[in-house]
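Take a look at the structure set out below.
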Amino acid sequence: MSNNEKKTPAQQQYDKLNQKHELKRPVLKNCLRAFFVGGLICTIGQAITYFYIYFFDFTEQTAGNPTVATVVFLAMLLTGFGIYDHLGQYAGAGSAVPVSGFGNAVVSAAIEHRTEGFVLGVGGNMFKLAGSVILFGVFSAFVIALFKTILMQWGGL
């Protein structure tokens with residue numbers, strides 16, 4: 001028995017009307033926007049990496065940390081000025097997946113709860129969404145380091 005057989009004629013008529021007026025999502029356009037904006041954010045990150053390598057004498061291995069911090073900081077600034085929200089509306093997941101989405105998540109929660117005060121509002125709610133990301137990242141790094149240590153002790157890697 002299908003869903004349409006269980007519905008009354010009025011419900012079936014409503015479903016047809018709803019399907020007729022439902023907006024079609026431009027999936028391909030949304031995917032392309034996400035791809036290109038996410039790629040642009042990553043290209044900017046790569047340019048920042050080269051900036052640290054050429055002007056501050058970092059190596060490719062050591063330039064990663066200041067690059068991540070810079071990208072997160074820039075995303076936080078853009079969120080504070082209201083620009084990153086427009087970028088997120090345009091690009092969707094393309095703006096959320098890179099590390100810049102982390103900075104946006106932290107500052108968005110802080111801005112949303114600023115009326116509750118700096119300690120309980122901003123400080124208490126700043127890491128609601130980002131806290132789980134931090135916890136998972138730290139825990140994953142610990143587990144991987146533990147496995148690597150065990151393998152090096154027993155396997156002689």
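If you're wondering about the labels, chains in the structure tokens are A, B, ... by order shown, residues count from 1 in each chain, ligands from 1 in order shown.
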
Residue set, chain A restricted to helix (DSSP H, G or I), as a count of residues only: 129

Contacts of Gly80 of chain A within 12 Å, only C-alpha atoms, excl. fewer than 3 positions in-chain, as a ChimeraX atom specification: /A:73-77,83-86,103-112

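Neighbours of Thr62 of chain A closer than or equal to 12 Å, with only C-alpha atoms counted and sequence neighbours fewer than 5 positions away skipped, come out as Thr49, Tyr50, Tyr52, Ile53, Phe56, Asp57, Thr67 and Val68 of chain A.
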
Using the selection just defined, write its residues with all heavy atoms as a short mmCIF file (atom, residue, chain, number, x, y, z; two decimals), in the first residue's frame.
data_model
loop_
_atom_site.label_atom_id
_atom_site.label_comp_id
_atom_site.auth_asym_id
_atom_site.auth_seq_id
_atom_site.Cartn_x
_atom_site.Cartn_y
_atom_site.Cartn_z
N THR A 49 49.74 31.34 3.02
CA THR A 49 50.86 30.44 3.32
C THR A 49 52.13 30.91 2.60
O THR A 49 53.20 30.99 3.20
CB THR A 49 50.53 29.00 2.88
OG1 THR A 49 49.39 28.55 3.60
CG2 THR A 49 51.70 28.06 3.13
N TYR A 50 52.00 31.23 1.32
CA TYR A 50 53.17 31.72 0.57
C TYR A 50 53.67 33.05 1.15
O TYR A 50 54.89 33.29 1.17
CB TYR A 50 52.84 31.88 -0.91
CG TYR A 50 52.70 30.57 -1.64
CD1 TYR A 50 51.76 30.42 -2.64
CD2 TYR A 50 53.51 29.49 -1.34
CE1 TYR A 50 51.62 29.22 -3.32
CE2 TYR A 50 53.39 28.29 -2.00
CZ TYR A 50 52.45 28.16 -2.99
OH TYR A 50 52.32 26.97 -3.65
N TYR A 52 53.63 33.92 4.30
CA TYR A 52 54.44 33.59 5.48
C TYR A 52 55.77 32.94 5.09
O TYR A 52 56.78 33.18 5.75
CB TYR A 52 53.67 32.68 6.43
CG TYR A 52 52.65 33.40 7.26
CD1 TYR A 52 51.31 33.06 7.22
CD2 TYR A 52 53.02 34.44 8.10
CE1 TYR A 52 50.37 33.73 7.98
CE2 TYR A 52 52.10 35.12 8.87
CZ TYR A 52 50.78 34.76 8.80
OH TYR A 52 49.86 35.43 9.55
N ILE A 53 55.78 32.16 4.04
CA ILE A 53 57.02 31.51 3.62
C ILE A 53 58.02 32.55 3.09
O ILE A 53 59.20 32.52 3.45
CB ILE A 53 56.73 30.43 2.56
CG1 ILE A 53 56.01 29.25 3.21
CG2 ILE A 53 58.01 29.97 1.88
CD1 ILE A 53 55.51 28.21 2.22
N PHE A 56 58.34 35.91 6.01
CA PHE A 56 58.67 35.66 7.42
C PHE A 56 59.53 34.43 7.61
O PHE A 56 59.68 33.93 8.70
CB PHE A 56 57.39 35.54 8.25
CG PHE A 56 56.63 36.83 8.34
CD1 PHE A 56 55.48 37.02 7.60
CD2 PHE A 56 57.09 37.85 9.15
CE1 PHE A 56 54.78 38.22 7.68
CE2 PHE A 56 56.39 39.04 9.23
CZ PHE A 56 55.24 39.23 8.49
N ASP A 57 60.08 33.89 6.55
CA ASP A 57 61.05 32.81 6.60
C ASP A 57 60.50 31.54 7.27
O ASP A 57 61.21 30.85 8.00
CB ASP A 57 62.34 33.28 7.31
CG ASP A 57 63.53 32.43 6.92
OD1 ASP A 57 63.53 31.92 5.78
OD2 ASP A 57 64.43 32.26 7.75
N THR A 67 48.94 30.27 9.13
CA THR A 67 47.96 30.42 8.05
C THR A 67 46.56 30.13 8.56
O THR A 67 45.62 30.89 8.29
CB THR A 67 48.32 29.49 6.87
OG1 THR A 67 49.60 29.84 6.38
CG2 THR A 67 47.28 29.59 5.77
N VAL A 68 46.41 29.03 9.29
CA VAL A 68 45.09 28.67 9.84
C VAL A 68 44.60 29.77 10.78
O VAL A 68 43.44 30.18 10.72
CB VAL A 68 45.16 27.31 10.55
CG1 VAL A 68 43.90 27.05 11.34
CG2 VAL A 68 45.38 26.20 9.54
#

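Across the model, the gap from atom CA of Ile41 of chain A to atom CA of Gly64 of chain A is 14.9 Å.
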
Using only C-alpha atoms, determine which residues lie at most 9 Å from Leu32 of chain A, disregarding the query and same-chain residues fewer than 5 positions distant; provide the list as a VMD selection string. chain A and resid 27 37 91

Could those selected residues go to a file with N, CA, C and O atoms, as an mmCIF file, in the first residue's frame?
data_model
loop_
_atom_site.group_PDB
_atom_site.id
_atom_site.type_symbol
_atom_site.label_atom_id
_atom_site.label_comp_id
_atom_site.auth_asym_id
_atom_site.auth_seq_id
_atom_site.Cartn_x
_atom_site.Cartn_y
_atom_site.Cartn_z
ATOM 1 N N VAL A 27 20.140 22.724 -7.880
ATOM 2 C CA VAL A 27 21.194 21.922 -7.246
ATOM 3 C C VAL A 27 22.541 22.134 -7.919
ATOM 4 O O VAL A 27 23.549 22.349 -7.242
ATOM 5 N N VAL A 37 33.445 29.055 -4.405
ATOM 6 C CA VAL A 37 33.712 29.900 -3.233
ATOM 7 C C VAL A 37 34.624 29.170 -2.255
ATOM 8 O O VAL A 37 35.570 29.757 -1.716
ATOM 9 N N ALA A 91 27.098 31.046 -0.992
ATOM 10 C CA ALA A 91 27.898 29.858 -1.278
ATOM 11 C C ALA A 91 27.451 28.615 -0.530
ATOM 12 O O ALA A 91 27.853 27.513 -0.897
#

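Straight-line separation from atom CA of Lys20 of chain A to atom CA of Lys7 of chain A: 18.1 Å.
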
Within 12 Å of segment 140-150 of chain A, which residues of segment 58-135 of chain A come that close, and what is the closest atom pair and distance in Å for each? Count only C-alpha atoms and give it as a tab-separated table.
residue	atom	partner	partner_atom	distance
A:Ser132	CA	A:Ser140	CA	11.9
A:Val133	CA	A:Ser140	CA	10.5
A:Ile134	CA	A:Ser140	CA	9.8
A:Leu135	CA	A:Ser140	CA	8.4
